[in-house]
Amino acid sequence: MANVEGKATAITVLSPVKPGWTLWLRALFFAGTHLTSSLEKLQQLSFIHYARWAILERRWPGGDRRRGERLRYRYLLFESNFNGTWDEYIDAFSEVVPTRMKLIWGSSYGFPGPLPVEPFKAYIRKNEFPIEHYYSAYPQATTTEVVSALEVARAHAALSARAEGLGAEELKRAYEDFLFEVQHHL
Amino acid sequence: MSDSAGQASALTVLAPIEPGREEALRSHLQSLPSGSESPLASVPATHFARWVIVGQLVYQGPPQRHDELDFAYLLFTSNFDGPLEPYLEALCEKLGETADVVWGHCRGWPGTGDQAGAEEYLRRNRIATSLFVSGYPQAKLGEVLAALELRERVTAFAIRAQGLGSEALARAWQREFGDA
Amino acid sequence: MAATASRLNVENIQGALLRGYRLPVARYLFVHVSAPERARTFIGQLAEQVSSAAPWSQKPEWALNAYLTFAGLSALGLPESALESFPADFRDGMAARAHLLGDSDESAPERWEAGLGGPRVHLMLMLSSAGERIGEERRRSLLGLIERTGGLELLSEQRGSALAGNREHFGYADGFSQPPVEGFAEDRPRAGGGAPQKDGGWRAIRAGEFVLGYPDEEGVLPPAPEPEALGRDGSYLVFRKLAQDVVGFRAMLERASATYPGGEELLAAKLVGRFRDGTPLDRAPDRPDPDLVADPDRHNDFGYDSDPQGLRCPVGAHVRRANPRESMPFRGKLVNRHRMLRRGITYGPPLPEGSPEDGRERGVLFMCFQASIKRQFEFVQAQWFNDGNAFRLGDDKDVLLGDHDGTGKALIPGRPPSFVHPLPRLVTVRGGEYLFCPSIAALRYLSALGGA
């Protein structure tokens, strides 16, 4: 499947934004960018490597220097790289941050609401585009594995720096402290 | 507008495909090798990237009115480290032939022979990101890869060092993690 | 549209779905339909004999239940439009979804027992009985009926028998945690059973998670096959024969105990989440507690919420993977949609402690009911047993059920932590089926098909 690379899954969704809602969307995204607390729940859904939302203006790029074509609506682009099955991903969004989903996609035509989940899934599936080529630099690592690995690296560097000057007994103690600290990251 | 989170950045490029060349482009993209053999692997600082073809818009039903594309579009997204300009440069330089074959199906692609022109093309057809989130926004690609490898080594070490006395442990640590 | 809790139509729902019979002997007959008309007559007679979930005045000595594969529904002559209304997971069948379940190498469908998982399996008849004698009597009676009806072929049989003390073959007491079903009068939500509530209590799980035609945890009716007469009060059943390597398990435990300071019994508890007598680690982390186990209001009363690190019950322990309770982020919200009703039974003779490999097959005939095979059974199998990422355990698999290839590890959190490595394959899939559990009325509906 072209939208899967190892443990990473790609999703790309385009949806038409209802006229008059763009300002609201921009405000929402501005808040999301600058108020990290509003992203907390989203980040707790710890299976997202990277995700983005973008608003496509009514005039699309022209390629060369000519003006591009003008569409009737603006479009909301959602692009994400995550772990787990597609179903699980949408289930989680729908169950855990339904308000956020409503705020973001409520401004798109046809959005049935985040709950119940089946119509929401059907909506996403309908507006999803297949990936023709997907690349991941670390396909076998999930988001939590990356975060864990970075933690291990940090703690290991600290231990290594100390290890030089430690006798065997002290090293054992320091090592055990280190292991206790990172055990959930191994 | 927010094209970055921490030191991670998002690039989105949307370029119209030359009429009649959509299928050829699709076929070509699907034939590209995946994994570490992917042409995108040669572009430094790239965590995740994709090419998608937007062939037509999806109608949602009334009250929306029909909205149609005159062209099919090639969408390119990348999640990478650091500022945009060096990345655009690296993209055009390192992708080289692939960039020409892929974006060569699009209107107005000048070819990587004109490095500046190619970068300008991508810049001009860029879409601004409104919200960008990452699970690990501060980590550069090199750090991620090194950390993943280290984690494996630490796990293997933890398993085999179980039950070792302090002298044996110190020796084992030195052997595994001491300076070469 | 949200619907309120409704009373369950227990006279129409097959008994095994809502009730764990706790009858110690089970026979499973796998039947092929060669003459649809005869088979439909047979189904009609089954409808009269099949046990429903209606209240028992007295526990019967035996119970009969009947289930069908997708191939079986087709063989009976169910029209195309109805067949198409069944979900893809059920239509595909378990063998075709091996890649999702981690059924590879020794567990791969190519190596399954003949008569299990193949396209010829149409019906599964389950005879539960209080003893061998009554079980054999009923079996002969059923076989006689099959013979007299004609047009049916017995493909294979499986036999299950409960072990003493409700144990399974690795020595663990089983069956503590069954989600109570909302609307089923016999289910009394006890502490720890069902879904955790904000006030610290527990409530039954919405019936629609297990029975079609009732609102589920989302408040809507789960997708069900059509027509309504066929789907309503029905469910999906997963049947899976799991062979257990008891000698291998004991050897692994012994080997790993050498470097585990807590000793073998504690290590055995850490792998599963309960001591072998059933004492839950979350409540009693140091030693078994027989009083706790004997008290049904206490032996399931835990949620892991005060132990996110898994220092009492490891995060990767078997029962914690099967039901993370409150330890999933968002207070169990994500867990309520992944519960199952388990109804299996052990098979094969027990292997006495210290005995060498005797070459006899033993294990569990695993069974579970749910409204969606994909969202419930397959999800738990793939995401919670055969992977660890949901628990931030990377790709660590469940020690007991994981599709191990010898490279995996299990983490036992502590100061210092312990690692069990390597992990051998302890459970092998011998075969399995995805089945539809029709209501009694649906069985009658099926028997009346093909009038034209």
# chains A, B, ... in the order shown; residues from 1 in each chain; ligands from 1

$ residues_around --residues "C:Ala130" --least-positions-apart "2" --cutoff "9 Å" --atoms "only C-alpha atoms" --output "ChimeraX atom specification"
/C:22-26,60-62,128,132-135

$ residues_around --residues "A:Ala155" --least-positions-apart "6" --cutoff "9 Å" --atoms "only C-alpha atoms" --output "short mmCIF file (atom, residue, chain, number, x, y, z; two decimals) with C-alpha atoms, in the first residue's frame"
data_model
loop_
_atom_site.label_atom_id
_atom_site.label_comp_id
_atom_site.auth_asym_id
_atom_site.auth_seq_id
_atom_site.Cartn_x
_atom_site.Cartn_y
_atom_site.Cartn_z
CA PHE A 178 20.07 5.46 34.66
CA GLU A 181 15.07 6.38 34.63
CA VAL A 182 14.97 5.05 31.07
#

$ atom_distance --atom1 "atom CA of B:Asp100" --atom2 "atom CA of A:Leu76"
28.5 Å

$ interface_residues --of "chain B" --to "chain A" --cutoff "6 Å" --atoms "only C-alpha atoms" --output "ChimeraX atom specification"
/B:15-16,29-30,47-52,60,67,107-108,125,129-135,147-148,151,155,166-167,170

$ residues_around --residues "C:Ala229" --least-positions-apart "2" --cutoff "10 Å" --atoms "only C-alpha atoms" --output "list in words"
Pro225, Glu226, Pro227, Gly231, Arg232, Asp233, Gly234, Pro438, Ser439, Ile440, Ala441, Ala442, Leu443, Arg444, Tyr445 and Leu446 of chain C

$ write_last_selection --atoms "N, CA and C atoms" --output "short mmCIF file (atom, residue, chain, number, x, y, z; two decimals), in the first residue's frame"
data_model
loop_
_atom_site.label_atom_id
_atom_site.label_comp_id
_atom_site.auth_asym_id
_atom_site.auth_seq_id
_atom_site.Cartn_x
_atom_site.Cartn_y
_atom_site.Cartn_z
N PRO C 225 -25.91 -6.94 9.60
CA PRO C 225 -26.34 -7.45 8.30
C PRO C 225 -27.84 -7.26 8.11
N GLU C 226 -28.23 -7.33 6.84
CA GLU C 226 -29.64 -7.18 6.51
C GLU C 226 -30.15 -8.45 5.90
N PRO C 227 -31.41 -8.75 6.01
CA PRO C 227 -32.45 -7.93 6.61
C PRO C 227 -32.39 -7.98 8.14
N GLY C 231 -30.09 -10.03 11.19
CA GLY C 231 -29.03 -9.41 11.98
C GLY C 231 -29.35 -9.18 13.44
N ARG C 232 -30.56 -8.79 13.70
CA ARG C 232 -30.93 -8.40 15.08
C ARG C 232 -30.68 -9.51 16.09
N ASP C 233 -30.14 -9.14 17.24
CA ASP C 233 -29.86 -10.08 18.33
C ASP C 233 -28.74 -11.06 18.00
N GLY C 234 -28.05 -10.80 16.90
CA GLY C 234 -26.94 -11.67 16.52
C GLY C 234 -25.62 -11.11 17.01
N PRO C 438 -26.21 -16.33 14.87
CA PRO C 438 -27.54 -15.78 14.59
C PRO C 438 -28.44 -15.88 15.83
N SER C 439 -29.45 -15.06 15.86
CA SER C 439 -30.46 -15.19 16.91
C SER C 439 -31.30 -16.42 16.58
N ILE C 440 -32.15 -16.80 17.52
CA ILE C 440 -33.03 -17.96 17.27
C ILE C 440 -33.93 -17.65 16.08
N ALA C 441 -34.48 -16.46 16.07
CA ALA C 441 -35.35 -16.07 14.95
C ALA C 441 -34.58 -16.07 13.63
N ALA C 442 -33.32 -15.69 13.68
CA ALA C 442 -32.51 -15.67 12.46
C ALA C 442 -32.28 -17.09 11.96
N LEU C 443 -32.13 -18.03 12.90
CA LEU C 443 -31.97 -19.43 12.49
C LEU C 443 -33.24 -19.88 11.76
N ARG C 444 -34.39 -19.46 12.27
CA ARG C 444 -35.65 -19.82 11.60
C ARG C 444 -35.73 -19.15 10.24
N TYR C 445 -35.28 -17.90 10.20
CA TYR C 445 -35.26 -17.17 8.93
C TYR C 445 -34.41 -17.93 7.90
N LEU C 446 -33.25 -18.38 8.34
CA LEU C 446 -32.35 -19.10 7.43
C LEU C 446 -32.98 -20.42 6.99
#

$ select_by_dssp --residues "stretch 128-330 of chain C" --states "strand (DSSP E)" --output "mmCIF file with C-alpha atoms, in the first residue's frame"
data_model
loop_
_atom_site.group_PDB
_atom_site.id
_atom_site.type_symbol
_atom_site.label_atom_id
_atom_site.label_comp_id
_atom_site.auth_asym_id
_atom_site.auth_seq_id
_atom_site.Cartn_x
_atom_site.Cartn_y
_atom_site.Cartn_z
ATOM 1 C CA SER C 128 -21.553 -27.719 26.254
ATOM 2 C CA SER C 129 -22.253 -30.277 28.954
ATOM 3 C CA LEU C 152 -24.450 -32.564 5.655
ATOM 4 C CA GLU C 153 -20.916 -33.750 6.193
ATOM 5 C CA LEU C 154 -19.026 -33.784 9.473
ATOM 6 C CA LEU C 155 -15.578 -32.315 8.700
ATOM 7 C CA SER C 156 -13.924 -32.386 12.096
ATOM 8 C CA GLU C 157 -14.451 -32.191 15.797
ATOM 9 C CA GLN C 158 -12.757 -30.457 18.685
ATOM 10 C CA ARG C 159 -13.086 -31.419 22.305
ATOM 11 C CA GLY C 160 -12.643 -29.124 25.252
ATOM 12 C CA SER C 161 -12.534 -29.900 28.924
ATOM 13 C CA ALA C 195 -16.203 0.770 32.079
ATOM 14 C CA PRO C 196 -14.704 3.099 34.676
ATOM 15 C CA TRP C 202 -17.884 1.050 37.177
ATOM 16 C CA ARG C 203 -20.739 0.606 34.752
ATOM 17 C CA SER C 235 -23.203 -11.331 17.033
ATOM 18 C CA TYR C 236 -19.848 -12.355 15.630
ATOM 19 C CA LEU C 237 -17.840 -15.136 17.129
ATOM 20 C CA VAL C 238 -14.115 -15.707 16.900
ATOM 21 C CA PHE C 239 -13.050 -19.315 17.423
ATOM 22 C CA ARG C 240 -9.354 -20.028 17.699
ATOM 23 C CA LYS C 241 -7.551 -23.185 18.706
ATOM 24 C CA LEU C 242 -4.401 -22.181 20.542
ATOM 25 C CA ALA C 243 -1.858 -24.866 21.390
ATOM 26 C CA GLN C 244 0.255 -24.071 24.435
#

$ closest_atom_pairs --of "chain C" --to "chain B" --cutoff "9 Å" --atoms "only C-alpha atoms" --output "JSON lines"
{"residue": "C:Ala258", "atom": "CA", "partner": "B:Gly163", "partner_atom": "CA", "distance": 8.9}
{"residue": "C:Thr259", "atom": "CA", "partner": "B:Gly163", "partner_atom": "CA", "distance": 5.9}
{"residue": "C:Tyr260", "atom": "CA", "partner": "B:Gly163", "partner_atom": "CA", "distance": 8.4}
{"residue": "C:Lys409", "atom": "CA", "partner": "B:Ile159", "partner_atom": "CA", "distance": 8.6}
{"residue": "C:Ser418", "atom": "CA", "partner": "B:Gln162", "partner_atom": "CA", "distance": 7.4}
{"residue": "C:Phe419", "atom": "CA", "partner": "B:Ile159", "partner_atom": "CA", "distance": 5.9}
{"residue": "C:Val420", "atom": "CA", "partner": "B:Ile159", "partner_atom": "CA", "distance": 7.8}
{"residue": "C:His421", "atom": "CA", "partner": "B:Ile159", "partner_atom": "CA", "distance": 7.2}

$ write_last_selection --atoms "N, CA and C atoms" --output "short mmCIF file (atom, residue, chain, number, x, y, z; two decimals), in the first residue's frame"
data_model
loop_
_atom_site.label_atom_id
_atom_site.label_comp_id
_atom_site.auth_asym_id
_atom_site.auth_seq_id
_atom_site.Cartn_x
_atom_site.Cartn_y
_atom_site.Cartn_z
N ALA C 258 16.39 -17.02 37.10
CA ALA C 258 17.78 -16.99 37.56
C ALA C 258 18.26 -15.55 37.75
N THR C 259 17.82 -14.65 36.90
CA THR C 259 18.26 -13.26 37.05
C THR C 259 17.15 -12.37 37.58
N TYR C 260 16.07 -12.95 38.07
CA TYR C 260 15.00 -12.12 38.60
C TYR C 260 14.97 -12.24 40.12
N LYS C 409 11.76 -9.08 23.69
CA LYS C 409 12.04 -8.99 25.13
C LYS C 409 10.77 -8.56 25.84
N SER C 418 13.98 -5.54 35.11
CA SER C 418 14.42 -6.84 34.62
C SER C 418 13.93 -7.03 33.20
N PHE C 419 14.69 -7.81 32.46
CA PHE C 419 14.30 -8.09 31.09
C PHE C 419 14.23 -9.60 30.91
N VAL C 420 13.18 -10.06 30.29
CA VAL C 420 13.09 -11.46 29.94
C VAL C 420 13.40 -11.56 28.45
N HIS C 421 14.47 -12.31 28.14
CA HIS C 421 14.92 -12.39 26.76
C HIS C 421 15.77 -13.63 26.63
#

$ select_by_dssp --residues "stretch 150-249 of chain C" --states "helix (DSSP H, G or I)" --output "number ranges by chain"
C: 164-166, 207-209, 228-231, 246-249

$ write_last_selection --atoms "C-alpha atoms" --output "short mmCIF file (atom, residue, chain, number, x, y, z; two decimals), in the first residue's frame"
data_model
loop_
_atom_site.label_atom_id
_atom_site.label_comp_id
_atom_site.auth_asym_id
_atom_site.auth_seq_id
_atom_site.Cartn_x
_atom_site.Cartn_y
_atom_site.Cartn_z
CA ALA C 164 -9.43 -28.29 37.87
CA GLY C 165 -9.68 -24.96 39.66
CA ASN C 166 -10.57 -23.06 36.49
CA ALA C 207 -24.96 -4.05 24.78
CA GLY C 208 -24.30 -2.94 21.22
CA GLU C 209 -20.60 -3.66 21.69
CA GLU C 228 -33.20 -7.08 10.22
CA ALA C 229 -34.59 -10.51 10.95
CA LEU C 230 -31.18 -11.93 10.13
CA GLY C 231 -29.03 -9.41 11.98
CA VAL C 246 3.77 -25.82 28.59
CA VAL C 247 7.27 -27.30 28.78
CA GLY C 248 8.60 -24.28 26.91
CA PHE C 249 6.83 -21.90 29.25
#

$ closest_residue --among "C:Leu100, C:Ala371, C:Ala322, C:Leu143" --to "chain A" --atoms "only C-alpha atoms"
C:Leu100

$ interface_residues --of "chain C" --to "chain A" --cutoff "8 Å" --atoms "only C-alpha atoms" --output "mmCIF file with N, CA and C atoms, in the first residue's frame"
data_model
loop_
_atom_site.group_PDB
_atom_site.id
_atom_site.type_symbol
_atom_site.label_atom_id
_atom_site.label_comp_id
_atom_site.auth_asym_id
_atom_site.auth_seq_id
_atom_site.Cartn_x
_atom_site.Cartn_y
_atom_site.Cartn_z
ATOM 1 N N GLU C 218 -20.964 4.211 21.417
ATOM 2 C CA GLU C 218 -21.093 5.511 20.761
ATOM 3 C C GLU C 218 -22.532 5.996 20.808
ATOM 4 N N GLY C 219 -23.435 5.136 21.294
ATOM 5 C CA GLY C 219 -24.834 5.514 21.359
ATOM 6 C C GLY C 219 -25.598 5.244 20.082
ATOM 7 N N VAL C 220 -24.962 4.584 19.125
ATOM 8 C CA VAL C 220 -25.678 4.247 17.886
ATOM 9 C C VAL C 220 -25.724 2.736 17.730
ATOM 10 N N GLN C 309 3.612 3.671 35.831
ATOM 11 C CA GLN C 309 4.930 3.141 35.484
ATOM 12 C C GLN C 309 4.938 1.627 35.402
ATOM 13 N N PRO C 329 -4.422 6.676 28.126
ATOM 14 C CA PRO C 329 -4.754 8.086 28.326
ATOM 15 C C PRO C 329 -6.237 8.311 28.086
ATOM 16 N N PHE C 330 -6.766 9.390 28.613
ATOM 17 C CA PHE C 330 -8.174 9.731 28.434
ATOM 18 C C PHE C 330 -9.109 8.776 29.155
ATOM 19 N N LYS C 333 -11.494 5.873 27.799
ATOM 20 C CA LYS C 333 -12.436 6.125 26.695
ATOM 21 C C LYS C 333 -12.104 5.292 25.485
ATOM 22 N N LEU C 334 -10.828 5.117 25.272
ATOM 23 C CA LEU C 334 -10.444 4.364 24.096
ATOM 24 C C LEU C 334 -10.564 2.860 24.321
ATOM 25 N N GLN C 383 -2.818 -4.791 17.865
ATOM 26 C CA GLN C 383 -2.244 -3.585 18.462
ATOM 27 C C GLN C 383 -1.829 -3.758 19.911
ATOM 28 N N ASN C 389 3.458 -0.649 20.866
ATOM 29 C CA ASN C 389 3.516 0.801 20.697
ATOM 30 C C ASN C 389 2.408 1.551 21.428
ATOM 31 N N ARG C 392 3.687 2.392 24.685
ATOM 32 C CA ARG C 392 5.053 2.919 24.635
ATOM 33 C C ARG C 392 6.071 1.818 24.909
ATOM 34 N N LEU C 393 5.774 0.629 24.411
ATOM 35 C CA LEU C 393 6.703 -0.480 24.566
ATOM 36 C C LEU C 393 7.284 -0.895 23.219
ATOM 37 N N GLY C 394 7.320 0.054 22.280
ATOM 38 C CA GLY C 394 7.929 -0.247 20.992
ATOM 39 C C GLY C 394 7.244 -1.416 20.335
ATOM 40 N N LEU C 411 9.764 -6.324 29.398
ATOM 41 C CA LEU C 411 10.306 -5.473 30.453
ATOM 42 C C LEU C 411 9.493 -5.660 31.713
ATOM 43 N N PRO C 413 9.218 -3.619 34.958
ATOM 44 C CA PRO C 413 9.694 -2.378 35.562
ATOM 45 C C PRO C 413 10.068 -2.599 37.021
ATOM 46 N N GLY C 414 11.070 -1.884 37.459
ATOM 47 C CA GLY C 414 11.482 -2.007 38.847
ATOM 48 C C GLY C 414 12.782 -1.281 39.050
ATOM 49 N N ARG C 415 13.271 -1.360 40.265
ATOM 50 C CA ARG C 415 14.573 -0.770 40.544
ATOM 51 C C ARG C 415 15.475 -1.887 41.054
ATOM 52 N N PRO C 416 16.323 -2.491 40.198
ATOM 53 C CA PRO C 416 16.458 -2.199 38.775
ATOM 54 C C PRO C 416 15.405 -2.925 37.953
ATOM 55 N N PRO C 417 15.208 -2.539 36.712
ATOM 56 C CA PRO C 417 14.262 -3.258 35.850
ATOM 57 C C PRO C 417 14.851 -4.618 35.470
#

$ atom_distance --atom1 "atom CA of C:Ala162" --atom2 "atom CA of C:Val364"
9.5 Å
